[in-house]
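final-v1.cif (mmCIF, C-alpha atoms and all ligand atoms)
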data_run
#
loop_
_atom_site.label_atom_id
_atom_site.label_comp_id
_atom_site.auth_asym_id
_atom_site.auth_seq_id
_atom_site.Cartn_x
_atom_site.Cartn_y
_atom_site.Cartn_z
CA MET A 85 94.27 74.62 109.23
CA ASN A 86 91.83 75.28 112.08
CA TYR A 87 92.68 76.00 115.72
CA THR A 88 90.47 75.49 118.75
CA ILE A 89 91.89 76.98 121.94
CA ASP A 90 90.72 75.42 125.18
CA THR A 91 92.12 77.49 128.03
CA THR A 92 90.56 75.23 130.69
CA SER A 93 92.39 72.11 129.59
CA ALA A 94 95.30 74.21 128.26
CA VAL A 95 95.25 72.62 124.82
CA ILE A 96 95.15 73.95 121.28
CA ALA A 97 93.47 71.48 118.94
CA VAL A 98 94.99 71.88 115.49
CA GLU A 99 93.00 70.39 112.67
CA ARG A 100 94.80 69.84 109.38
CA ASP A 101 93.16 67.98 106.47
CA GLY A 102 90.82 66.15 108.82
CA ASP A 103 93.55 65.13 111.31
CA VAL A 104 93.54 66.72 114.77
CA ALA A 105 96.66 67.21 116.89
CA ASN A 106 96.51 68.49 120.45
CA VAL A 107 99.24 71.00 121.21
CA PRO A 108 99.84 71.98 124.84
CA LEU A 109 98.93 75.66 125.23
CA TYR A 110 101.89 76.31 127.55
CA SER A 111 104.61 75.12 125.20
CA THR A 112 106.92 76.46 122.51
CA GLU A 113 104.63 75.15 119.79
CA GLY A 114 101.64 76.65 121.59
CA PHE A 115 103.40 80.00 121.66
CA GLU A 116 104.20 79.71 117.94
CA LEU A 117 100.58 79.02 117.06
CA LEU A 118 99.32 81.89 119.23
CA SER A 119 101.98 84.22 117.81
CA GLU A 120 100.91 83.52 114.26
CA LEU A 121 97.28 84.13 115.23
CA TRP A 122 98.27 87.30 117.12
CA LEU A 123 100.11 88.56 114.03
CA LYS A 124 97.17 87.85 111.76
CA VAL A 125 94.51 89.38 114.03
CA GLY A 126 96.73 92.36 114.88
CA TRP A 127 97.45 92.97 111.21
CA ASN A 128 93.73 92.86 110.44
CA GLU A 129 93.08 95.35 113.27
CA LYS A 130 95.85 97.69 111.97
CA TYR A 131 97.77 97.32 115.23
CA SER A 132 100.96 98.51 113.52
CA TYR A 133 99.32 101.89 112.88
CA THR A 134 98.99 102.67 116.58
CA PHE A 135 102.56 103.75 117.42
CA THR A 136 104.67 106.88 117.26
CA TRP A 137 108.39 107.39 117.70
CA MET A 138 109.37 110.71 119.27
CA GLY A 139 106.10 112.25 118.16
CA ILE A 140 105.95 110.91 114.59
CA PRO A 141 103.68 108.00 113.54
CA VAL A 142 105.60 104.84 112.66
CA ILE A 143 103.91 101.92 110.91
CA GLN A 144 105.76 98.99 112.48
CA VAL A 145 105.12 96.59 115.33
CA PRO A 146 107.44 97.16 118.30
CA GLU A 147 108.98 93.70 117.82
CA ASP A 148 110.29 94.71 114.39
CA LEU A 149 111.53 98.08 115.64
CA ILE A 150 113.55 96.37 118.36
CA ARG A 151 114.92 93.74 115.94
CA ILE A 152 116.01 96.45 113.51
CA GLN A 153 117.68 98.22 116.43
CA GLU A 154 119.65 95.03 117.06
CA VAL A 155 120.81 95.05 113.43
CA VAL A 156 121.69 98.75 113.51
CA PHE A 157 123.72 98.24 116.68
CA ARG A 158 125.52 95.27 115.17
CA VAL A 159 126.22 96.83 111.75
CA GLN A 160 126.86 100.41 112.97
CA PRO A 161 126.03 101.82 109.52
CA ASP A 162 127.26 105.12 108.13
CA VAL A 163 124.03 105.41 106.17
CA ILE A 164 120.61 103.75 106.48
CA VAL A 165 118.55 103.95 103.29
CA GLU A 166 114.83 103.37 103.65
CA THR A 167 112.33 103.23 100.80
CA GLY A 168 108.79 104.03 101.96
CA ILE A 169 108.66 106.92 104.42
CA ALA A 170 104.91 107.43 105.05
CA HIS A 171 104.74 109.78 108.09
CA GLY A 172 108.47 109.48 108.74
CA GLY A 173 108.40 107.76 112.12
CA SER A 174 110.74 104.99 110.99
CA LEU A 175 113.24 107.52 109.62
CA ILE A 176 113.19 109.41 112.92
CA TYR A 177 113.55 106.10 114.77
CA TYR A 178 116.69 105.16 112.81
CA ALA A 179 118.01 108.72 113.20
CA SER A 180 117.55 108.49 116.98
CA LEU A 181 119.48 105.21 117.08
CA LEU A 182 122.30 106.66 114.98
CA LYS A 183 122.40 109.84 117.09
CA THR A 184 122.85 107.64 120.16
CA LEU A 185 125.58 105.65 118.44
CA GLY A 186 127.29 108.91 117.51
CA LYS A 187 127.58 108.19 113.79
CA GLY A 188 125.50 107.80 110.68
CA ARG A 189 122.59 109.37 108.87
CA VAL A 190 119.40 108.32 107.12
CA VAL A 191 118.20 108.67 103.53
CA GLY A 192 114.46 108.20 102.95
CA VAL A 193 112.71 107.76 99.60
CA ASP A 194 108.99 107.98 98.99
CA ILE A 195 106.90 108.39 95.86
CA GLU A 196 104.83 110.99 97.70
CA ILE A 197 105.97 112.93 100.74
CA ARG A 198 102.83 114.73 101.86
CA PRO A 199 103.45 118.35 102.88
CA HIS A 200 102.41 117.88 106.53
CA ASN A 201 104.64 114.81 106.82
CA ARG A 202 107.58 116.65 105.25
CA THR A 203 107.06 119.57 107.62
CA ALA A 204 106.91 117.28 110.67
CA ILE A 205 110.12 115.49 109.64
CA GLU A 206 111.96 118.67 108.67
CA GLN A 207 111.01 120.40 111.93
CA HIS A 208 112.02 117.44 114.07
CA TRP A 209 115.16 117.95 116.19
CA LEU A 210 116.71 114.89 114.49
CA SER A 211 116.08 116.20 110.96
CA GLU A 212 119.75 117.16 110.55
CA LEU A 213 120.44 113.43 110.18
CA VAL A 214 117.70 112.87 107.59
CA THR A 215 117.73 113.39 103.82
CA LEU A 216 114.38 113.13 102.03
CA ILE A 217 114.12 112.16 98.36
CA GLU A 218 110.75 112.26 96.63
CA GLY A 219 110.03 109.95 93.69
CA SER A 220 109.57 106.31 92.88
CA SER A 221 112.25 104.20 94.49
CA ILE A 222 112.80 102.30 91.25
CA ASP A 223 113.11 105.40 89.07
CA GLU A 224 116.70 105.44 87.74
CA LYS A 225 117.15 109.12 88.65
CA ILE A 226 116.06 108.46 92.22
CA VAL A 227 118.36 105.43 92.51
CA ALA A 228 121.21 107.60 91.18
CA ARG A 229 120.50 110.22 93.86
CA VAL A 230 120.55 107.61 96.58
CA ARG A 231 123.80 106.26 95.16
CA GLU A 232 125.30 109.76 95.41
CA GLU A 233 124.10 110.07 99.01
CA THR A 234 125.81 106.82 99.93
CA ALA A 235 128.97 107.28 97.82
CA SER A 236 131.23 107.98 100.79
CA SER A 237 129.56 105.47 103.13
CA GLN A 238 131.63 102.45 104.10
CA THR A 239 128.75 100.60 105.73
CA THR A 240 125.26 100.94 104.34
CA LEU A 241 122.09 99.26 105.55
CA VAL A 242 119.01 99.22 103.29
CA ILE A 243 115.40 98.79 104.42
CA LEU A 244 112.72 98.27 101.76
CA ASP A 245 109.26 99.31 102.94
CA SER A 246 107.56 100.98 99.96
CA SER A 247 105.31 99.13 97.52
CA HIS A 248 105.20 95.45 98.49
CA THR A 249 104.42 93.86 95.12
CA ARG A 250 106.78 91.11 94.00
CA GLU A 251 107.80 93.05 90.91
CA HIS A 252 108.51 96.27 92.78
CA VAL A 253 110.46 94.63 95.61
CA LEU A 254 112.52 92.66 93.08
CA ALA A 255 113.32 95.88 91.20
CA GLU A 256 114.29 97.57 94.47
CA LEU A 257 116.50 94.65 95.45
CA GLU A 258 118.27 94.84 92.09
CA ALA A 259 118.68 98.61 92.38
CA TYR A 260 119.69 98.99 96.04
CA SER A 261 121.50 95.76 96.92
CA GLU A 262 124.72 97.07 95.37
CA LEU A 263 124.80 99.75 98.09
CA VAL A 264 124.87 97.15 100.86
CA SER A 265 128.31 96.47 102.29
CA VAL A 266 129.57 93.00 103.12
CA GLY A 267 128.26 91.97 106.54
CA SER A 268 125.39 94.44 106.31
CA TYR A 269 121.80 93.73 105.33
CA VAL A 270 118.98 94.63 103.05
CA ILE A 271 115.82 94.21 105.10
CA VAL A 272 112.63 93.51 103.17
CA MET A 273 109.58 94.47 105.20
CA ASP A 274 106.05 93.05 105.09
CA GLY A 275 106.82 89.49 104.04
CA ILE A 276 103.87 88.70 106.30
CA MET A 277 101.53 89.29 103.35
CA ALA A 278 101.22 85.58 102.53
CA THR A 279 100.39 84.82 106.18
CA VAL A 280 97.63 87.45 106.31
CA ALA A 281 96.23 86.75 102.84
CA ASP A 282 93.28 84.82 104.32
CA THR A 283 92.28 87.49 106.87
CA PRO A 284 89.22 89.73 106.26
CA ARG A 285 91.47 92.61 105.10
CA GLY A 286 93.70 90.26 103.13
CA ASP A 287 93.72 89.25 99.50
CA ALA A 288 94.13 85.71 98.13
CA ALA A 289 96.50 87.08 95.48
CA TRP A 290 99.04 87.74 98.27
CA PHE A 291 99.72 84.03 98.67
CA ASP A 292 101.98 84.42 95.61
CA GLU A 293 102.23 88.17 95.17
CA ASN A 294 104.35 89.23 98.13
CA PRO A 295 107.84 90.45 99.07
CA ILE A 296 109.09 86.97 99.99
CA SER A 297 108.56 85.71 96.46
CA ALA A 298 110.78 88.61 95.33
CA VAL A 299 113.39 87.70 97.96
CA GLU A 300 113.43 84.08 96.78
CA GLU A 301 113.92 85.11 93.17
CA PHE A 302 116.60 87.62 94.10
CA VAL A 303 118.75 85.29 96.24
CA ALA A 304 118.54 82.61 93.55
CA ARG A 305 120.17 85.11 91.18
CA HIS A 306 122.49 86.70 93.73
CA PRO A 307 124.58 84.24 95.71
CA GLU A 308 126.36 87.16 97.34
CA PHE A 309 123.24 87.49 99.54
CA VAL A 310 121.80 84.94 101.94
CA VAL A 311 118.48 85.03 103.77
CA GLU A 312 119.62 85.03 107.33
CA GLN A 313 118.38 86.72 110.44
CA PRO A 314 120.98 87.99 112.84
CA SER A 315 121.43 85.55 115.71
CA TRP A 316 119.04 87.35 118.00
CA ARG A 317 118.97 86.41 121.64
CA PHE A 318 115.38 85.33 121.16
CA ASN A 319 116.42 82.72 118.59
CA GLU A 320 119.23 81.52 120.80
CA SER A 321 116.77 80.62 123.54
CA HIS A 322 114.46 77.61 123.19
CA LEU A 323 111.91 79.97 121.63
CA ARG A 324 112.18 79.96 117.85
CA THR A 325 108.99 81.88 117.17
CA ASN A 326 109.43 84.77 114.85
CA VAL A 327 107.05 87.53 115.93
CA THR A 328 107.60 89.78 112.95
CA TYR A 329 105.98 91.34 109.93
CA ALA A 330 109.22 90.70 108.04
CA PRO A 331 109.72 86.91 108.00
CA ASN A 332 112.59 85.81 105.77
CA GLY A 333 113.25 89.48 105.13
CA TYR A 334 116.84 89.80 106.35
CA LEU A 335 119.29 89.41 103.47
CA ARG A 336 122.90 89.52 104.58
CA ARG A 337 125.59 90.34 102.08
CA VAL A 338 128.31 87.71 102.38
CA ALA A 339 130.56 88.79 99.49
CA TYR A 340 131.19 91.64 97.10
CA ASP A 341 131.68 89.26 94.25
CA PRO A 342 128.38 87.66 93.24
CA VAL A 343 130.04 84.42 92.11
CA GLY A 344 133.22 84.55 94.16
CA SER A 345 134.62 81.76 96.24
CA LEU A 346 134.36 83.89 99.39
CA GLY A 347 130.61 84.06 98.95
CA ALA A 348 130.37 80.32 98.37
CA ALA A 349 132.52 79.59 101.42
CA LEU A 350 130.49 81.87 103.65
CA ARG A 351 127.23 80.50 102.35
CA GLY A 352 128.44 77.02 103.08
CA VAL A 353 128.55 77.77 106.78
CA SER A 354 125.54 80.02 106.94
CA THR A 355 122.39 79.42 104.94
CA ARG A 356 119.91 79.25 107.79
CA ARG A 357 116.40 80.38 106.90
CA THR A 358 114.16 81.36 109.74
CA GLY A 359 110.67 82.66 110.35
CA PRO A 360 107.14 81.35 109.96
CA ALA A 361 106.60 79.17 106.92
C1 LIG A 401 104.20 100.98 104.57
S1 LIG A 401 104.40 102.67 104.20
C2 LIG A 401 105.98 103.00 104.90
C3 LIG A 401 105.98 102.95 106.39
C4 LIG A 401 107.21 103.51 107.06
N1 LIG A 401 108.42 102.88 106.60
C5 LIG A 401 107.11 103.34 108.55
O1 LIG A 401 107.69 102.39 109.08
O2 LIG A 401 106.41 104.13 109.19
C6 LIG A 401 104.68 102.60 102.48
C7 LIG A 401 105.10 103.90 101.82
O3 LIG A 401 105.64 103.55 100.53
C8 LIG A 401 105.36 104.58 99.63
N2 LIG A 401 105.47 104.06 98.26
C9 LIG A 401 104.57 103.34 97.55
N3 LIG A 401 105.04 103.08 96.33
C10 LIG A 401 106.28 103.64 96.26
C11 LIG A 401 107.27 103.71 95.25
N4 LIG A 401 107.08 103.20 94.02
N5 LIG A 401 108.42 104.35 95.53
C12 LIG A 401 108.62 104.90 96.75
N6 LIG A 401 107.71 104.88 97.73
C13 LIG A 401 106.55 104.25 97.49
C14 LIG A 401 103.98 105.06 100.02
O4 LIG A 401 103.79 106.40 99.57
C15 LIG A 401 104.01 104.92 101.54
O5 LIG A 401 104.34 106.15 102.14
#
Can you turn what I pasted into C-alpha cells?
Ligand SMILES: C[S@@+](CC[C@H](N)C(=O)[O-])C[C@H]1O[C@@H](n2cnc3c(N)ncnc32)[C@H](O)[C@@H]1O
Amino acid sequence: MNYTIDTTSAVIAVERDGDVANVPLYSTEGFELLSELWLKVGWNEKYSYTFTWMGIPVIQVPEDLIRIQEVVFRVQPDVIVETGIAHGGSLIYYASLLKTLGKGRVVGVDIEIRPHNRTAIEQHWLSELVTLIEGSSIDEKIVARVREETASSQTTLVILDSSHTREHVLAELEAYSELVSVGSYVIVMDGIMATVADTPRGDAAWFDENPISAVEEFVARHPEFVVEQPSWRFNESHLRTNVTYAPNGYLRRVAYDPVGSLGAALRGVSTRRTGPA
C-alpha cells in the first residue's frame, strides 16, 4: 500500500495492487490512514521513549497511558501486575492512579532491574505501593511469587510488557491469566509490531512473530477470555481509529470456567475485535 497526501486538494491517494482510491483528508478514513502513519513514524523515531511520569521515564505513548487509566478506573483492581518494568515509569503511573482511587498496589517483574532504576523506584514517594520482583516473568519461581503477592486480591489486572516474542507472550498469558478476575483484563502491549515491521527500525520477521499472534493462539485455547477493548468514549463516537501500540491487546476474562456455559453466553453477546488490522 502506498499513500500520497495532497494537502492542497485535501485528498490522500491510496494505491493498493495498482488500484488507486482517493480518500478525503478531512474524514474518518483520512484520520485512520494518518493515525497509522503517525504510529509507524513515531515508533521509528522512538517517540514513546520521550515521556516521564512523576519524574520516572515511561516507555508508552500518552494515548495508551490514558486508555489504561480508563481500564484501571473501570476495574478498580486490588493489584496490578506488570511484567517488564524498564525504568519503572509505568509502575509509578499505575501506583499514582491507585493512590488516587484509594485502593490497590502494583507488582512489577523484570528480568533485570538495573540498580539506578531500582533506586529511583524505591526512593519514589509512591514506592510503598510497589513490589519489585527480579527474574524472568516465565520462570516458575517468579510466577509463584507473583501468585503469592496476588493471593488475597479479589480483582487483579495484568499488563504484559516484557519480551514481545510470540513464544514468550504466550507463556506469560498461560502463566498469568489465571490471576485475572472475571470482568478484569490482561493487557498485551506492543501488538503494533506487525504494523511497524516494514519501517526502517522494523524487522520483516515481526509480521508473524509478534504479541498478537500469541493472543490469537491463547484465545483459541481459552474461551474464558475474549479480545475486547473497553467501550471507550472514543470508540463510541464516529471515530473508530485505534491510536495505540497495543491493538487487539485487551483480553477480558468473561468466566472462571474455561469451558463453562457462562463464558459461552457472555462471548455470544460480546466478541467484538477492534484496532488496526
Ligand atoms: C518495553 S520495556 C518495559 C517498559 C515499561 N513497561 C514502561 O512502560 O515503561 C521491556 C522490559 O522487559 C524486560 N524483559 C525482557 N525480557 C524479560 C523476561 N523474560 N522477563 C521479564 N522481563 C523481561 C526488559 O528488561 C525491559 O526492562
Best match for closeness to ligand LIG 401 (chain A) among A:Ser220, A:Asn106, A:Ser180, A:Thr215, counting only C-alpha atoms and all ligand atoms:
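Using only C-alpha atoms and all ligand atoms, ligand LIG 401 (chain A) sits closest to A:Ser220.
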Which of these residues is nearest to Gly126 of chain A, using all atoms listed in the file: A:Leu182, A:Ile140, A:Ala235, A:Val145?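 Closest candidate: A:Val145.
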Could you give me the residues within 8 Å of ligand LIG 401 (chain A), counting all atoms listed in the file, as a VMD selection string?
chain A and resid 141 to 144 166 to 175 193 to 197 218 to 222 244 to 248 252
Among A:Met85, A:Arg317, A:Asp90, A:Thr234, Val104 of chain A is approached most closely, using all atoms listed in the file, by A:Met85
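Picture a line from atom CA of Leu185 of chain A to atom CA of Gln160 of chain A; it runs 7.7 Å.
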Counting all atoms listed in the file, the residue among A:Pro108, A:Pro307, A:Pro331, A:Gly192 that lies closest to Leu123 of chain A is A:Pro331
What's around Ala278 of chain A at 10 Å? Count all atoms listed in the file, leave out sequence neighbours fewer than 4 positions away in its own chain, and write the answer as a PyMOL selection string. chain A and resi 274+282+286-297+361
One decimal place gives the atom CA of Leu254 of chain A-atom CA of Glu120 of chain A separation as 25.8 Å
With a distance cut-off of 9 Å and only C-alpha atoms, select the neighbouring residues of Val264 of chain A, excluding the residue or stretch itself and same-chain residues fewer than 4 positions from it, and output the selection as a list in words.
-> Thr239, Thr240, Leu241, Val242, Tyr260, Ser268, Tyr269, Val270, Arg336 and Arg337 of chain A
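The gap separating atom CA of Ile176 of chain A from atom CA of Val214 of chain A is 7.8 Å, in Å to one decimal.
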ask   = Hey, which of A:Val163, A:Val303, A:Met138, A:Ala330 ends up closest to Thr279 of chain A? Count all atoms listed in the file.
value =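 Closest to Thr279 of chain A of all the choices is A:Ala330.
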- With all atoms listed in the file as the basis for distance, which of A:Tyr340, A:Tyr334, A:Tyr329, A:Trp209 is at the shortest distance from Ser132 of chain A?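 Answer, going by the shortest atom-to-atom distance: A:Tyr329.
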